[in-house]
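Everything below belongs to start-v6.cif, which stores mmCIF, C-alpha atoms.
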```cif
data_protein
loop_
_atom_site.label_atom_id
_atom_site.label_comp_id
_atom_site.auth_asym_id
_atom_site.auth_seq_id
_atom_site.Cartn_x
_atom_site.Cartn_y
_atom_site.Cartn_z
CA MET A 1 91.76 160.40 2.54
CA PRO A 2 91.44 164.10 1.63
CA HIS A 3 90.62 164.77 -2.01
CA LEU A 4 92.48 167.71 -3.58
CA LEU A 5 91.67 169.40 -6.88
CA ILE A 6 94.61 171.10 -8.62
CA ILE A 7 93.70 173.63 -11.31
CA GLU A 8 97.00 174.31 -13.07
CA ASP A 9 97.76 174.60 -16.78
CA ASP A 10 101.55 174.25 -16.64
CA PRO A 11 102.24 170.86 -18.34
CA LYS A 12 105.21 170.18 -16.05
CA LEU A 13 104.13 171.71 -12.76
CA GLY A 14 100.61 170.23 -12.75
CA PRO A 15 101.63 166.55 -13.01
CA MET A 16 104.58 167.13 -10.65
CA LEU A 17 102.26 168.58 -8.01
CA LYS A 18 99.76 165.77 -8.50
CA GLY A 19 102.43 163.11 -8.00
CA ALA A 20 103.99 164.83 -4.99
CA LEU A 21 100.67 165.35 -3.22
CA GLU A 22 99.61 161.77 -3.91
CA TYR A 23 102.88 160.62 -2.40
CA ALA A 24 102.10 162.81 0.62
CA GLY A 25 98.91 160.83 1.14
CA TYR A 26 96.21 162.77 -0.73
CA ARG A 27 93.83 161.74 -3.47
CA VAL A 28 94.38 164.26 -6.27
CA SER A 29 92.52 165.36 -9.40
CA LEU A 30 94.16 167.65 -11.96
CA ALA A 31 92.41 170.10 -14.29
CA SER A 32 94.54 171.77 -16.96
CA ASP A 33 92.39 174.81 -17.76
CA GLY A 34 89.94 177.13 -16.06
CA LYS A 35 86.75 175.80 -17.62
CA ILE A 36 87.48 172.18 -16.75
CA GLY A 37 88.64 173.25 -13.31
CA LEU A 38 85.45 175.19 -12.60
CA ASP A 39 83.32 172.25 -13.73
CA GLU A 40 85.28 169.91 -11.44
CA ALA A 41 85.07 172.32 -8.52
CA ARG A 42 81.30 172.60 -8.90
CA LYS A 43 80.95 168.84 -8.47
CA GLY A 44 81.79 169.43 -4.81
CA ALA A 45 83.91 166.28 -4.49
CA ALA A 46 87.16 168.02 -3.48
CA HIS A 47 87.98 168.87 0.12
CA LEU A 48 90.42 171.59 -1.03
CA ILE A 49 91.34 173.33 -4.29
CA VAL A 50 94.85 174.43 -5.29
CA LEU A 51 94.20 177.17 -7.85
CA ASP A 52 96.48 178.89 -10.35
CA LEU A 53 95.39 182.37 -11.46
CA MET A 54 96.66 182.62 -15.03
CA LEU A 55 94.58 179.93 -16.74
CA PRO A 56 93.20 179.48 -20.25
CA HIS A 57 89.45 180.02 -20.83
CA ILE A 58 88.62 181.23 -17.29
CA ASP A 59 91.20 182.87 -15.02
CA GLY A 60 91.61 181.82 -11.40
CA LEU A 61 90.17 184.96 -9.80
CA HIS A 62 87.01 184.60 -11.88
CA ILE A 63 86.76 180.96 -10.76
CA MET A 64 87.03 182.16 -7.15
CA LYS A 65 84.33 184.76 -7.72
CA LEU A 66 81.92 182.27 -9.33
CA LEU A 67 82.45 179.62 -6.65
CA ARG A 68 81.84 182.00 -3.76
CA ARG A 69 78.91 183.65 -5.56
CA ASP A 70 77.28 180.25 -5.91
CA LEU A 71 78.00 179.44 -2.23
CA TYR A 72 80.62 176.77 -2.80
CA ASN A 73 82.66 176.86 0.41
CA THR A 74 85.43 174.47 -0.61
CA PRO A 75 88.72 175.83 0.79
CA VAL A 76 90.97 177.35 -1.87
CA ILE A 77 94.72 177.92 -1.86
CA ILE A 78 95.83 180.20 -4.67
CA LEU A 79 99.20 179.11 -6.11
CA THR A 80 100.44 181.67 -8.61
CA ALA A 81 103.31 183.69 -10.01
CA LYS A 82 101.26 186.84 -9.33
CA GLY A 83 102.62 187.53 -5.85
CA GLY A 84 102.13 191.28 -5.60
CA GLU A 85 100.32 192.83 -2.66
CA ALA A 86 97.36 193.93 -4.79
CA ASP A 87 96.98 190.41 -6.20
CA ARG A 88 97.05 188.85 -2.74
CA ILE A 89 94.53 191.32 -1.39
CA GLU A 90 92.19 190.63 -4.31
CA GLY A 91 92.51 186.89 -3.79
CA PHE A 92 91.59 187.13 -0.12
CA ARG A 93 88.80 189.61 -0.90
CA LEU A 94 87.23 187.07 -3.24
CA GLY A 95 87.41 184.37 -0.58
CA CYS A 96 90.61 182.34 -0.90
CA ASP A 97 91.87 180.65 2.28
CA ASP A 98 95.58 181.02 1.60
CA TYR A 99 97.85 182.52 -1.04
CA VAL A 100 101.18 180.95 -2.07
CA PRO A 101 103.36 182.80 -4.60
CA LYS A 102 105.58 180.96 -7.07
CA PRO A 103 108.33 179.83 -6.78
CA PHE A 104 107.33 177.91 -3.70
CA SER A 105 108.54 175.20 -1.36
CA LEU A 106 106.68 171.91 -1.76
CA ASN A 107 107.02 171.20 1.96
CA GLU A 108 105.54 174.60 2.78
CA LEU A 109 102.65 174.02 0.39
CA ILE A 110 101.88 170.67 2.03
CA ALA A 111 102.01 172.32 5.46
CA ARG A 112 99.61 175.03 4.28
CA ILE A 113 97.25 172.42 2.80
CA ARG A 114 97.20 170.59 6.12
CA ALA A 115 96.56 173.82 8.03
CA VAL A 116 93.71 174.92 5.75
CA LEU A 117 92.08 171.48 5.91
CA ARG A 118 92.22 171.61 9.69
CA ARG A 119 90.73 175.10 9.82
CA SER A 120 87.96 173.96 7.50
CA GLY A 121 86.99 171.25 9.99
CA TYR A 122 88.08 168.30 7.85
CA ARG A 123 88.83 165.28 9.96
CA GLU A 124 89.56 161.83 8.60
CA ALA A 125 88.34 158.93 10.69
CA PRO A 126 91.40 157.07 12.01
CA VAL A 127 91.81 153.51 10.80
CA ALA A 128 93.76 150.55 12.17
CA VAL A 129 97.29 150.20 10.83
CA HIS A 130 99.04 146.94 9.94
CA SER A 131 102.70 147.45 9.00
CA ALA A 132 105.99 145.58 9.45
CA GLY A 133 104.54 143.20 12.03
CA LEU A 134 102.89 146.05 13.92
CA PHE A 135 99.17 146.41 14.60
CA ILE A 136 97.80 149.74 15.89
CA ASP A 137 94.13 150.19 16.78
CA PRO A 138 93.37 153.93 17.23
CA GLU A 139 89.97 153.27 18.82
CA SER A 140 91.22 151.09 21.67
CA ARG A 141 94.73 152.64 21.48
CA ARG A 142 96.17 149.14 21.48
CA VAL A 143 99.53 148.27 19.97
CA GLU A 144 100.71 144.76 19.11
CA LEU A 145 104.02 143.70 17.64
CA ASP A 146 104.11 140.20 16.15
CA GLY A 147 101.08 139.34 18.29
CA ARG A 148 102.59 140.69 21.52
CA THR A 149 100.85 143.62 23.26
CA LEU A 150 103.14 146.61 23.86
CA ASP A 151 102.92 149.22 26.59
CA VAL A 152 102.63 152.29 24.37
CA ASN A 153 100.39 155.14 25.40
CA GLY A 154 100.02 158.91 25.42
CA ARG A 155 102.14 160.84 22.95
CA GLU A 156 104.22 157.78 22.14
CA PHE A 157 101.10 156.11 20.77
CA ASP A 158 100.24 159.20 18.70
CA LEU A 159 103.79 159.45 17.36
CA LEU A 160 103.96 155.77 16.45
CA TYR A 161 100.57 155.97 14.74
CA VAL A 162 101.71 158.91 12.58
CA LEU A 163 104.92 157.12 11.59
CA ALA A 164 103.28 153.80 10.76
CA SER A 165 100.50 155.57 8.84
CA HIS A 166 103.13 156.91 6.40
CA PRO A 167 105.24 153.82 5.62
CA GLY A 168 108.42 154.50 3.68
CA GLN A 169 108.06 158.29 3.88
CA ALA A 170 110.67 160.58 5.39
CA LEU A 171 108.79 162.69 7.94
CA SER A 172 110.29 165.83 9.39
CA ARG A 173 110.44 166.42 13.13
CA ASN A 174 108.17 169.44 12.71
CA PHE A 175 105.59 167.34 10.86
CA LEU A 176 105.67 164.69 13.58
CA LEU A 177 105.40 167.34 16.26
CA ASP A 178 102.39 168.97 14.59
CA GLU A 179 100.62 165.66 14.00
CA ALA A 180 101.25 164.03 17.38
CA TRP A 181 101.23 167.05 19.68
CA GLY A 182 99.19 169.59 17.68
CA GLU A 183 100.14 172.82 15.95
CA ASP A 184 99.62 174.93 19.08
CA THR A 185 102.09 173.02 21.22
CA ASP A 186 104.97 174.87 22.83
CA VAL A 187 107.28 171.84 23.07
CA THR A 188 110.34 171.56 20.83
CA THR A 189 111.40 168.94 18.32
CA ARG A 190 113.82 167.55 20.92
CA VAL A 191 110.77 165.96 22.53
CA VAL A 192 110.20 164.03 19.29
CA ASP A 193 113.76 162.65 19.47
CA ALA A 194 113.27 161.61 23.09
CA ARG A 195 110.00 159.77 22.35
CA ILE A 196 111.56 158.09 19.32
CA LEU A 197 114.33 156.71 21.54
CA SER A 198 111.70 155.39 23.96
CA LEU A 199 109.71 153.78 21.14
CA ARG A 200 112.81 152.12 19.74
CA ARG A 201 113.48 150.50 23.11
CA LYS A 202 109.99 149.01 22.97
CA ILE A 203 109.77 147.81 19.38
CA GLU A 204 113.31 147.32 18.05
CA GLU A 205 115.30 144.12 18.60
CA ASN A 206 118.39 146.31 18.83
CA PRO A 207 117.50 149.95 19.61
CA ASP A 208 121.03 151.03 18.65
CA GLU A 209 120.53 149.62 15.15
CA PRO A 210 116.85 150.29 14.44
CA LYS A 211 115.20 148.55 11.52
CA ARG A 212 111.67 149.93 11.87
CA ILE A 213 112.06 153.56 13.00
CA VAL A 214 115.07 154.75 11.03
CA THR A 215 116.70 158.16 11.13
CA VAL A 216 116.67 160.24 7.94
CA TYR A 217 119.69 162.52 8.05
CA LYS A 218 118.81 166.23 8.33
CA VAL A 219 115.10 165.43 7.94
CA GLY A 220 113.61 163.31 10.71
CA TYR A 221 112.42 159.72 10.75
CA ARG A 222 110.93 157.05 8.49
CA TRP A 223 108.83 153.99 9.29
CA GLU A 224 110.66 151.26 7.40
CA VAL A 225 108.35 148.57 6.07
CA LYS A 226 111.19 146.12 5.43
CA SER A 227 112.03 145.02 8.90
#
```
Could you write out this structure as structure tokens?
Amino acid sequence: MPHLLIIEDDPKLGPMLKGALEYAGYRVSLASDGKIGLDEARKGAAHLIVLDLMLPHIDGLHIMKLLRRDLYNTPVIILTAKGGEADRIEGFRLGCDDYVPKPFSLNELIARIRAVLRRSGYREAPVAVHSAGLFIDPESRRVELDGRTLDVNGREFDLLYVLASHPGQALSRNFLLDEAWGEDTDVTTRVVDARILSLRRKIEENPDEPKRIVTVYKVGYRWEVKS
């Protein structure tokens, strides 16, 4: 599980971000001022840092400068109200990996975190999934439902693994497409819908009234753990 360090002094935004990113599947630490944040960053435990610029004690740009000076290569996404061109240029000059101005979209921030982690080379070892009577083994690419082996392979396997790895979460079609097909794919989200229909025929008692892979209106799909 990727470990994120948020350095943010806003008493409302910091905890909100922490909770939202934990819900998205990350392990998250929160530092409420620049000094504490720098100390935490120097421990080297985080896989990525989300950094505000206007912080008490030590500002975010100075934190960036000190980390890169001391050869800490932890990826950094600057998240700040200072969205001017000069501020962005300075952030990238000092070594940030991405720059997100406030106000921001939480979904966009999560997408940027995922992209930066990928570019940094972070890869989490896949683990077997047990959920709602389903067993998925990513090493052998075997799928069992209530002890019965299913014929699921290729992209359908990848799509099912992503869904079942995020039980109870509404996942957008774009997220599923990126995770199962890769960010560089040229296929459309309609392919996701087609594979979902195929999966439902294999795992649902009644594909027309699915209880495991449910549609989330205007969003995408959710793996329902109460089947």
Can you measure atom CA of Ile196 of chain A to atom CA of Phe157 of chain A for me? One decimal in Å is fine.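 According to the coordinates, atom CA of Ile196 of chain A and atom CA of Phe157 of chain A are separated by 10.7 Å.
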Nearest to Leu171 of chain A among A:Val28, A:Val192, A:Met16, A:Val152, with distances taken over only C-alpha atoms: which residue is it?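 Of all the options, A:Val192 lies closest to Leu171 of chain A.
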Minimum-distance residue to Gly19 of chain A, chosen among A:Leu67, A:Val214, A:Leu177, A:Leu106 (using all atoms listed in the file):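 Residue with the minimum atom-to-atom distance to Gly19 of chain A: A:Leu106.
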Name every residue that the PyMOL selection byres ((chain A and resi 211) around 8) selects in this structure, writing the answer as an MDAnalysis selection string with chains first and numbers rising. chainID A and resid 204 209:210 212:214 224 226:227
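Residue nearest Arg27 of chain A within the list A:Ser131, A:Ala41, A:Pro2, A:Phe175: A:Pro2 [criterion: smallest interatomic distance, all atoms listed in the file].
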Coordinates-based distance that separates atom CA of Arg195 of chain A from atom CA of Glu144 of chain A (Å, one decimal):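 Interatomic distance, atom CA of Glu144 of chain A to atom CA of Arg195 of chain A: 17.9 Å.
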Residue nearest Ser120 of chain A among A:Ser165, A:Asn153, A:Thr74, A:Ser140 (counting all atoms listed in the file):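 Ranked by minimum distance to Ser120 of chain A, first place goes to A:Thr74.
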Mind pulling up the distance from atom CA of Ala170 of chain A to atom CA of Arg148 of chain A?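 It comes out at 26.9 Å.
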Distance query Tyr99 of chain A at most 9 Å, only C-alpha atoms, self and fewer than 4 positions along chain excluded, as a VMD selection string: chain A and resid 76 to 80 83 88 91 to 92
Store the residues of this selection in a file with C-alpha atoms, as a PDB file, in the frame of the given file.
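selection_9.pdb, freshly written:
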```pdb
ATOM      1  CA  VAL A  76      90.970 177.350  -1.870  1.00  0.00           C
ATOM      2  CA  ILE A  77      94.720 177.920  -1.860  1.00  0.00           C
ATOM      3  CA  ILE A  78      95.830 180.200  -4.670  1.00  0.00           C
ATOM      4  CA  LEU A  79      99.200 179.110  -6.110  1.00  0.00           C
ATOM      5  CA  THR A  80     100.440 181.670  -8.610  1.00  0.00           C
ATOM      6  CA  GLY A  83     102.620 187.530  -5.850  1.00  0.00           C
ATOM      7  CA  ARG A  88      97.050 188.850  -2.740  1.00  0.00           C
ATOM      8  CA  GLY A  91      92.510 186.890  -3.790  1.00  0.00           C
ATOM      9  CA  PHE A  92      91.590 187.130  -0.120  1.00  0.00           C
TER      10      PHE A  92
END
```
Name the residues captured by the PyMOL selection byres ((chain A and resi 173) around 9) when it is applied to the shown file; answer as a ChimeraX atom specification. /A:171-172,174-178,189-190,192-193,219-221
Selected residue of minimal separation from Val162 of chain A among A:Ala81, A:Leu197, A:Ile136, A:Asn73, counting all atoms listed in the file: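 Counting all atoms listed in the file, the residue closest to Val162 of chain A is A:Ile136.
Comparing the minimum interatomic distances between His47 of chain A and each of A:Met64, A:Val225, A:Ile6, A:Ala20, counting all atoms listed in the file, we find that A:Ile6 sits nearest.
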Nearby residues (all atoms listed in the file) at most 10 Å from segment 31-39 of chain A, same-chain spacing under 6 positions excluded, as an MDAnalysis selection string: chainID A and resid 5:11 14:15 49 51:60 62:64 66:67
Using the chain letters and numbers from this file, what does the PyMOL selection byres ((chain A and resi 110-114) around 9) select? Give the answer as a PyMOL selection string. chain A and resi 21+24+48+50+77+98+100+105-109+115-119+175
Can you list, as an mmCIF file with C-alpha atoms, keeping the file's coordinate frame, every protein, DNA or RNA residue that comes within 8 Å of Lys202 of chain A when you count all atoms listed in the file, leaving out same-chain residues fewer than 4 positions away?
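Writing the result to out-v6.cif gives the following:
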```cif
data_model
loop_
_atom_site.group_PDB
_atom_site.id
_atom_site.type_symbol
_atom_site.label_atom_id
_atom_site.label_comp_id
_atom_site.auth_asym_id
_atom_site.auth_seq_id
_atom_site.Cartn_x
_atom_site.Cartn_y
_atom_site.Cartn_z
ATOM 1 C CA LEU A 150 103.140 146.610 23.860
ATOM 2 C CA ASP A 151 102.920 149.220 26.590
ATOM 3 C CA SER A 198 111.700 155.390 23.960
#
```
